[in-house]
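Data from structure_25.cif: mmCIF, C-alpha atoms; chains and numbers go by the auth columns
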data_data
loop_
_atom_site.group_PDB
_atom_site.id
_atom_site.type_symbol
_atom_site.label_atom_id
_atom_site.label_comp_id
_atom_site.label_asym_id
_atom_site.label_seq_id
_atom_site.Cartn_x
_atom_site.Cartn_y
_atom_site.Cartn_z
_atom_site.B_iso_or_equiv
_atom_site.auth_seq_id
_atom_site.auth_asym_id
ATOM 1 C CA MET A 1 3.219 7.259 9.190 0.00 1436 M
ATOM 2 C CA PRO A 2 2.453 3.796 7.703 0.00 1437 M
ATOM 3 C CA LEU A 3 -1.242 4.313 8.530 0.00 1438 M
ATOM 4 C CA ALA A 4 -1.334 7.659 6.688 0.00 1439 M
ATOM 5 C CA LEU A 5 0.370 6.079 3.683 0.00 1440 M
ATOM 6 C CA LEU A 6 -2.101 3.189 3.689 0.00 1441 M
ATOM 7 C CA VAL A 7 -5.147 5.446 3.945 0.00 1442 M
ATOM 8 C CA SER A 8 -3.982 7.799 1.178 0.00 1443 M
ATOM 9 C CA ALA A 9 -3.116 4.895 -1.139 0.00 1444 M
ATOM 10 C CA THR A 10 -6.503 3.281 -0.442 0.00 1445 M
ATOM 11 C CA LEU A 11 -8.323 6.493 -1.326 0.00 1446 M
ATOM 12 C CA LEU A 12 -6.310 6.739 -4.533 0.00 1447 M
ATOM 13 C CA LEU A 13 -7.144 3.109 -5.326 0.00 1448 M
ATOM 14 C CA ILE A 14 -10.854 3.797 -4.853 0.00 1449 M
ATOM 15 C CA TRP A 15 -10.614 6.748 -7.258 0.00 1450 M
ATOM 16 C CA SER A 16 -8.637 4.622 -9.709 0.00 1451 M
ATOM 17 C CA GLY A 17 -11.282 1.904 -9.692 0.00 1452 M
ATOM 18 C CA ILE A 18 -14.067 4.292 -10.689 0.00 1453 M
ATOM 19 C CA ALA A 19 -14.579 3.900 -14.452 0.00 1454 M
ATOM 20 C CA PRO A 20 -11.027 2.936 -15.435 0.00 1455 M
ATOM 21 C CA ARG A 21 -10.228 2.728 -19.127 0.00 1456 M
ATOM 22 C CA ASP A 22 -10.239 -1.084 -18.983 0.00 1457 M
ATOM 23 C CA ARG A 23 -11.254 -3.096 -15.912 0.00 1458 M
ATOM 24 C CA VAL A 24 -9.029 -6.126 -16.620 0.00 1459 M
ATOM 25 C CA VAL A 25 -5.979 -3.938 -17.277 0.00 1460 M
ATOM 26 C CA TRP A 26 -6.796 -1.922 -14.151 0.00 1461 M
ATOM 27 C CA PHE A 27 -6.768 -5.072 -12.057 0.00 1462 M
ATOM 28 C CA MET A 28 -3.526 -6.348 -13.565 0.00 1463 M
ATOM 29 C CA GLU A 29 -1.792 -3.005 -13.009 0.00 1464 M
ATOM 30 C CA THR A 30 -3.034 -2.435 -9.457 0.00 1465 M
ATOM 31 C CA ALA A 31 -2.839 -6.037 -8.194 0.00 1466 M
ATOM 32 C CA PRO A 32 0.842 -5.737 -7.174 0.00 1467 M
ATOM 33 C CA ALA A 33 0.004 -2.681 -5.043 0.00 1468 M
ATOM 34 C CA MET A 34 -2.911 -4.463 -3.374 0.00 1469 M
ATOM 35 C CA ALA A 35 -0.861 -7.625 -2.779 0.00 1470 M
ATOM 36 C CA GLY A 36 2.025 -5.601 -1.361 0.00 1471 M
ATOM 37 C CA ALA A 37 -0.289 -3.750 1.003 0.00 1472 M
ATOM 38 C CA ALA A 38 -1.774 -7.036 2.216 0.00 1473 M
ATOM 39 C CA VAL A 39 1.670 -8.497 2.935 0.00 1474 M
ATOM 40 C CA MET A 40 2.825 -5.384 4.770 0.00 1475 M
ATOM 41 C CA LEU A 41 -0.336 -5.303 6.866 0.00 1476 M
ATOM 42 C CA ALA A 42 0.089 -8.958 7.775 0.00 1477 M
ATOM 43 C CA THR A 43 3.732 -8.520 8.799 0.00 1478 M
ATOM 44 C CA TYR A 44 3.653 -5.019 10.280 0.00 1479 M
ATOM 45 C CA ARG A 45 3.657 -6.018 13.950 0.00 1480 M
ATOM 46 C CA ARG A 46 6.253 -8.771 13.829 0.00 1481 M
ATOM 47 C CA PHE A 47 8.485 -7.325 11.088 0.00 1482 M
ATOM 48 C CA PRO A 48 8.011 -3.559 10.615 0.00 1483 M
ATOM 49 C CA LEU A 49 10.086 -2.069 7.813 0.00 1484 M
ATOM 50 C CA SER A 50 12.189 1.063 7.759 0.00 1485 M
ATOM 51 C CA SER A 51 10.398 4.328 7.026 0.00 1486 M
ATOM 52 C CA VAL A 52 12.250 4.831 3.752 0.00 1487 M
ATOM 53 C CA SER A 53 11.004 1.429 2.551 0.00 1488 M
ATOM 54 C CA TYR A 54 7.402 2.254 3.426 0.00 1489 M
ATOM 55 C CA VAL A 55 7.542 5.658 1.733 0.00 1490 M
ATOM 56 C CA LEU A 56 9.074 4.330 -1.484 0.00 1491 M
ATOM 57 C CA VAL A 57 6.621 1.416 -1.601 0.00 1492 M
ATOM 58 C CA TRP A 58 3.836 4.008 -1.268 0.00 1493 M
ATOM 59 C CA VAL A 59 5.276 6.042 -4.165 0.00 1494 M
ATOM 60 C CA PHE A 60 5.425 2.928 -6.332 0.00 1495 M
ATOM 61 C CA ALA A 61 1.878 1.942 -5.347 0.00 1496 M
ATOM 62 C CA CYS A 62 0.624 5.385 -6.373 0.00 1497 M
ATOM 63 C CA ILE A 63 2.383 5.072 -9.744 0.00 1498 M
ATOM 64 C CA LEU A 64 0.747 1.681 -10.320 0.00 1499 M
ATOM 65 C CA ILE A 65 -2.690 2.862 -9.232 0.00 1500 M
ATOM 66 C CA VAL A 66 -2.682 5.938 -11.473 0.00 1501 M
ATOM 67 C CA GLY A 67 -1.334 3.878 -14.377 0.00 1502 M
ATOM 68 C CA GLY A 68 -4.082 1.340 -13.823 0.00 1503 M
ATOM 69 C CA HIS A 69 -6.803 3.969 -14.134 0.00 1504 M
ATOM 70 C CA TYR A 70 -5.600 5.536 -17.385 0.00 1505 M
ATOM 71 C CA THR A 71 -3.288 2.758 -18.717 0.00 1506 M
ATOM 72 C CA TYR A 72 0.374 3.724 -18.743 0.00 1507 M
ATOM 73 C CA ALA A 73 0.374 4.995 -22.313 0.00 1508 M
ATOM 74 C CA GLU A 74 -2.398 7.517 -21.574 0.00 1509 M
ATOM 75 C CA VAL A 75 -1.554 8.981 -18.155 0.00 1510 M
ATOM 76 C CA PRO A 76 -2.107 12.750 -18.609 0.00 1511 M
ATOM 77 C CA ILE A 77 1.112 13.909 -16.938 0.00 1512 M
ATOM 78 C CA GLY A 78 3.071 11.646 -19.262 0.00 1513 M
ATOM 79 C CA ASP A 79 1.330 13.194 -22.263 0.00 1514 M
ATOM 80 C CA TRP A 80 2.086 16.672 -20.911 0.00 1515 M
ATOM 81 C CA VAL A 81 5.793 15.865 -20.596 0.00 1516 M
ATOM 82 C CA LYS A 82 5.773 14.268 -24.048 0.00 1517 M
ATOM 83 C CA ASP A 83 4.264 17.391 -25.613 0.00 1518 M
ATOM 84 C CA ALA A 84 6.426 19.787 -23.605 0.00 1519 M
ATOM 85 C CA LEU A 85 9.670 18.032 -24.565 0.00 1520 M
ATOM 86 C CA GLY A 86 8.627 17.017 -28.077 0.00 1521 M
ATOM 87 C CA GLN A 87 8.981 13.297 -27.375 0.00 1522 M
ATOM 88 C CA GLU A 88 7.474 10.529 -29.478 0.00 1523 M
ATOM 89 C CA ARG A 89 5.856 8.542 -26.651 0.00 1524 M
ATOM 90 C CA ASN A 90 4.404 8.826 -23.182 0.00 1525 M
ATOM 91 C CA HIS A 91 7.211 7.769 -20.803 0.00 1526 M
ATOM 92 C CA TYR A 92 5.089 7.353 -17.673 0.00 1527 M
ATOM 93 C CA ASP A 93 5.648 3.595 -17.858 0.00 1528 M
ATOM 94 C CA ARG A 94 9.415 4.153 -17.668 0.00 1529 M
ATOM 95 C CA VAL A 95 8.909 5.800 -14.273 0.00 1530 M
ATOM 96 C CA GLY A 96 6.978 2.732 -13.163 0.00 1531 M
ATOM 97 C CA HIS A 97 9.738 0.399 -14.327 0.00 1532 M
ATOM 98 C CA PHE A 98 12.374 2.548 -12.610 0.00 1533 M
ATOM 99 C CA PHE A 99 10.520 2.021 -9.337 0.00 1534 M
ATOM 100 C CA GLN A 100 10.094 -1.641 -10.231 0.00 1535 M
ATOM 101 C CA GLY A 101 13.843 -1.733 -9.638 0.00 1536 M
ATOM 102 C CA VAL A 102 13.872 0.581 -6.613 0.00 1537 M
ATOM 103 C CA ILE A 103 11.434 -1.406 -4.473 0.00 1538 M
ATOM 104 C CA PRO A 104 12.831 -4.947 -4.891 0.00 1539 M
ATOM 105 C CA ALA A 105 16.399 -3.720 -4.377 0.00 1540 M
ATOM 106 C CA LEU A 106 15.648 -1.874 -1.140 0.00 1541 M
ATOM 107 C CA LEU A 107 13.314 -4.539 0.230 0.00 1542 M
ATOM 108 C CA ALA A 108 15.891 -7.221 -0.587 0.00 1543 M
ATOM 109 C CA ARG A 109 18.546 -5.138 1.164 0.00 1544 M
ATOM 110 C CA GLU A 110 16.412 -4.779 4.263 0.00 1545 M
ATOM 111 C CA LEU A 111 15.501 -8.461 4.395 0.00 1546 M
ATOM 112 C CA LEU A 112 19.071 -9.647 3.823 0.00 1547 M
ATOM 113 C CA VAL A 113 20.605 -7.258 6.358 0.00 1548 M
ATOM 114 C CA ARG A 114 18.042 -8.167 9.004 0.00 1549 M
ATOM 115 C CA THR A 115 17.717 -11.913 8.457 0.00 1550 M
ATOM 116 C CA SER A 116 21.006 -13.154 6.970 0.00 1551 M
ATOM 117 C CA PRO A 117 24.743 -12.973 7.723 0.00 1552 M
ATOM 118 C CA LEU A 118 25.257 -10.803 4.624 0.00 1553 M
ATOM 119 C CA ARG A 119 26.302 -7.251 5.452 0.00 1554 M
ATOM 120 C CA ALA A 120 26.777 -4.002 3.541 0.00 1555 M
ATOM 121 C CA GLY A 121 29.356 -4.306 0.805 0.00 1556 M
ATOM 122 C CA ARG A 122 29.779 -5.156 -2.843 0.00 1557 M
ATOM 123 C CA TRP A 123 28.111 -8.582 -2.632 0.00 1558 M
ATOM 124 C CA LEU A 124 25.038 -7.199 -0.911 0.00 1559 M
ATOM 125 C CA PHE A 125 24.831 -4.605 -3.686 0.00 1560 M
ATOM 126 C CA VAL A 126 25.146 -7.286 -6.367 0.00 1561 M
ATOM 127 C CA ALA A 127 22.535 -9.486 -4.694 0.00 1562 M
ATOM 128 C CA CYS A 128 19.979 -6.692 -4.287 0.00 1563 M
ATOM 129 C CA VAL A 129 20.373 -5.313 -7.803 0.00 1564 M
ATOM 130 C CA SER A 130 20.169 -8.863 -9.184 0.00 1565 M
ATOM 131 C CA VAL A 131 16.880 -9.383 -7.340 0.00 1566 M
ATOM 132 C CA ALA A 132 15.524 -6.158 -8.866 0.00 1567 M
ATOM 133 C CA LEU A 133 16.581 -7.146 -12.375 0.00 1568 M
ATOM 134 C CA SER A 134 15.197 -10.673 -11.955 0.00 1569 M
ATOM 135 C CA ILE A 135 11.799 -9.372 -10.879 0.00 1570 M
ATOM 136 C CA SER A 136 11.772 -6.969 -13.827 0.00 1571 M
ATOM 137 C CA ALA A 137 12.506 -9.839 -16.232 0.00 1572 M
ATOM 138 C CA LEU A 138 9.772 -11.937 -14.600 0.00 1573 M
ATOM 139 C CA TYR A 139 7.302 -9.078 -15.089 0.00 1574 M
ATOM 140 C CA GLU A 140 8.256 -8.804 -18.768 0.00 1575 M
ATOM 141 C CA MET A 141 7.427 -12.516 -19.131 0.00 1576 M
ATOM 142 C CA LEU A 142 4.093 -11.877 -17.405 0.00 1577 M
ATOM 143 C CA GLU A 143 3.377 -9.112 -19.920 0.00 1578 M
ATOM 144 C CA TRP A 144 4.237 -11.501 -22.757 0.00 1579 M
ATOM 145 C CA TRP A 145 1.861 -14.138 -21.332 0.00 1580 M
ATOM 146 C CA PHE A 146 -0.913 -11.545 -20.958 0.00 1581 M
ATOM 147 C CA ALA A 147 -0.452 -10.436 -24.574 0.00 1582 M
ATOM 148 C CA VAL A 148 -0.620 -14.034 -25.815 0.00 1583 M
ATOM 149 C CA VAL A 149 -3.750 -14.842 -23.784 0.00 1584 M
ATOM 150 C CA PHE A 150 -5.772 -11.639 -24.242 0.00 1585 M
ATOM 151 C CA GLY A 151 -4.392 -10.015 -27.395 0.00 1586 M
ATOM 152 C CA GLY A 152 -5.930 -6.942 -29.008 0.00 1587 M
ATOM 153 C CA ASP A 153 -6.382 -3.632 -27.225 0.00 1588 M
ATOM 154 C CA GLN A 154 -6.081 -5.136 -23.734 0.00 1589 M
ATOM 155 C CA ALA A 155 -2.645 -6.518 -24.536 0.00 1590 M
ATOM 156 C CA SER A 156 -1.586 -3.205 -26.062 0.00 1591 M
ATOM 157 C CA ASP A 157 -2.841 -1.277 -23.030 0.00 1592 M
ATOM 158 C CA PHE A 158 -1.135 -3.593 -20.544 0.00 1593 M
ATOM 159 C CA LEU A 159 2.168 -3.722 -22.420 0.00 1594 M
ATOM 160 C CA GLY A 160 2.233 0.030 -23.030 0.00 1595 M
ATOM 161 C CA SER A 161 4.989 -0.432 -25.611 0.00 1596 M
ATOM 162 C CA GLN A 162 3.604 2.309 -27.890 0.00 1597 M
ATOM 163 C CA GLY A 163 5.362 0.866 -30.932 0.00 1598 M
ATOM 164 C CA ASP A 164 8.784 0.594 -29.238 0.00 1599 M
ATOM 165 C CA VAL A 165 10.314 -2.701 -30.414 0.00 1600 M
ATOM 166 C CA TRP A 166 12.868 -2.465 -27.589 0.00 1601 M
ATOM 167 C CA ASP A 167 10.265 -1.760 -24.911 0.00 1602 M
ATOM 168 C CA ALA A 168 11.031 -4.841 -22.786 0.00 1603 M
ATOM 169 C CA GLN A 169 14.758 -4.159 -22.877 0.00 1604 M
ATOM 170 C CA ASN A 170 14.272 -0.480 -22.018 0.00 1605 M
ATOM 171 C CA ASP A 171 11.965 -1.436 -19.147 0.00 1606 M
ATOM 172 C CA MET A 172 14.553 -3.813 -17.694 0.00 1607 M
ATOM 173 C CA LEU A 173 17.260 -1.178 -18.096 0.00 1608 M
ATOM 174 C CA MET A 174 15.139 1.288 -16.121 0.00 1609 M
ATOM 175 C CA ALA A 175 14.676 -1.321 -13.382 0.00 1610 M
ATOM 176 C CA LEU A 176 18.421 -1.919 -13.299 0.00 1611 M
ATOM 177 C CA ILE A 177 19.099 1.812 -12.984 0.00 1612 M
ATOM 178 C CA GLY A 178 16.388 2.142 -10.333 0.00 1613 M
ATOM 179 C CA GLY A 179 17.725 -0.758 -8.290 0.00 1614 M
ATOM 180 C CA ALA A 180 21.352 0.378 -8.384 0.00 1615 M
ATOM 181 C CA SER A 181 20.677 4.071 -7.778 0.00 1616 M
ATOM 182 C CA SER A 182 18.218 3.484 -4.921 0.00 1617 M
ATOM 183 C CA TYR A 183 20.724 1.213 -3.171 0.00 1618 M
ATOM 184 C CA LEU A 184 23.497 3.799 -3.515 0.00 1619 M
ATOM 185 C CA ILE A 185 21.339 6.810 -2.607 0.00 1620 M
ATOM 186 C CA CYS A 186 19.077 5.367 0.092 0.00 1621 M
ATOM 187 C CA GLY A 187 21.176 2.542 1.502 0.00 1622 M
ATOM 188 C CA ARG A 188 22.797 4.491 4.337 0.00 1623 M
ATOM 189 C CA LEU A 189 19.531 6.107 5.410 0.00 1624 M
ATOM 190 C CA GLN A 190 17.835 2.729 5.355 0.00 1625 M
ATOM 191 C CA GLN A 191 20.685 1.246 7.401 0.00 1626 M
ATOM 192 C CA ARG A 192 20.328 3.912 10.094 0.00 1627 M
ATOM 193 C CA GLN A 193 16.611 3.195 10.304 0.00 1628 M
ATOM 194 C CA ILE A 194 17.261 -0.564 10.460 0.00 1629 M
ATOM 195 C CA ASP A 195 19.736 0.006 13.297 0.00 1630 M
ATOM 196 C CA ALA A 196 17.100 2.067 15.120 0.00 1631 M
ATOM 197 C CA LEU A 197 14.546 -0.727 14.682 0.00 1632 M
ATOM 198 C CA SER A 198 17.063 -3.252 16.005 0.00 1633 M
ATOM 199 C CA SER A 199 17.689 -1.141 19.101 0.00 1634 M
ATOM 200 C CA THR A 200 13.962 -1.279 19.893 0.00 1635 M
ATOM 201 C CA GLY A 201 13.890 -5.047 19.512 0.00 1636 M
ATOM 202 C CA CYS A 202 12.090 -5.203 16.155 0.00 1637 M
#

Can you give me the file's structure in the form of structure tokens?
Amino acid sequence: MPLALLVSATLLLIWSGIAPRDRVVWFMETAPAMAGAAVMLATYRRFPLSSVSYVLVWVFACILIVGGHYTYAEVPIGDWVKDALGQERNHYDRVGHFFQGVIPALLARELLVRTSPLRAGRWLFVACVSVALSISALYEMLEWWFAVVFGGDQASDFLGSQGDVWDAQNDMLMALIGGASSYLICGRLQQRQIDALSSTGC
């Protein structure tokens, strides 16, 4: 399965890189997906992850790659939902920030369970959700730096705030919700898959 996910994400990345709206913004949006793929390839043999982690990382990578091609504020499906529901903005970026909480929380859970004495319970939940929220806050600071350095349309495209003065706070809230809900919904499935990996010596 990881190979199929990698190949499909690579094909999507190739499509995304063909005449994106802005090349610099495309790179900034897709770089986390490319970096994540490189890390997972490098560690696959000695530290394979659970299937649920791979699948959700793939979903997040696809969200980033599509957003990089159009910019988050102009992804067509987001415009369709906006028009269908009579909303004031394209909320595709909120989906991305939700998964920006999902992935760090579940990856932190897997790493902590497999490499530390910490076990399932309230403190593992707190630690994993805190990691997700911290990474979201770090990304908001990266967006701020990008806006200061580049300014103009590139900054607007990368930020994707669409006039929302509370955009950074809403983004971090979505990451918090994503981190907490993914832990609660997927934690047991992930644990079963971790136990299966442990039984095979991984």

>> If the PyMOL selection byres ((chain M and resi 1493-1495) around 8) were run on this exact file, what residues would it hold? Put them as a PyMOL selection string.
In response: chain M and resi 1440-1441+1444+1468+1489-1492+1496-1499+1531+1534-1535+1538

> Written as a ChimeraX atom specification, which residues does the PyMOL selection byres ((chain M and resi 1547) around 12) give for the file shown?
Replying inline: /M:1539-1546,1548-1556,1558-1560,1562-1563,1566,1626,1629

>> Can you tell me which residues surround Ile1453 in chain M at a distance of at most 12 Å, considering only C-alpha atoms, apart from same-chain residues fewer than 2 positions away, and format the answer as a ChimeraX atom specification?
In response: /M:1446-1451,1455-1458,1461-1462,1500-1501,1503-1505

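Interatomic distance, CA of Tyr1618 in chain M against CA of Pro1437 in chain M: 21.4 Å.
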
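Going from CA of Val1510 in chain M to CA of Arg1529 in chain M covers 12.0 Å.
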
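Note that the spacing between CA of Trp1579 in chain M and CA of Trp1515 in chain M amounts to 28.3 Å.
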
> Hey, what comes out of the PyMOL selection byres ((chain M and resi 1625) around 8) on this file? Could you write it as a ChimeraX atom specification?
Replying inline: /M:1485-1488,1545,1621-1624,1626-1629

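Each of M:Leu1476, M:Met1469, M:Ala1508, M:Val1564 was compared to Ile1612 in chain M using all atoms listed in the file, and M:Val1564 turns out to be the nearest.
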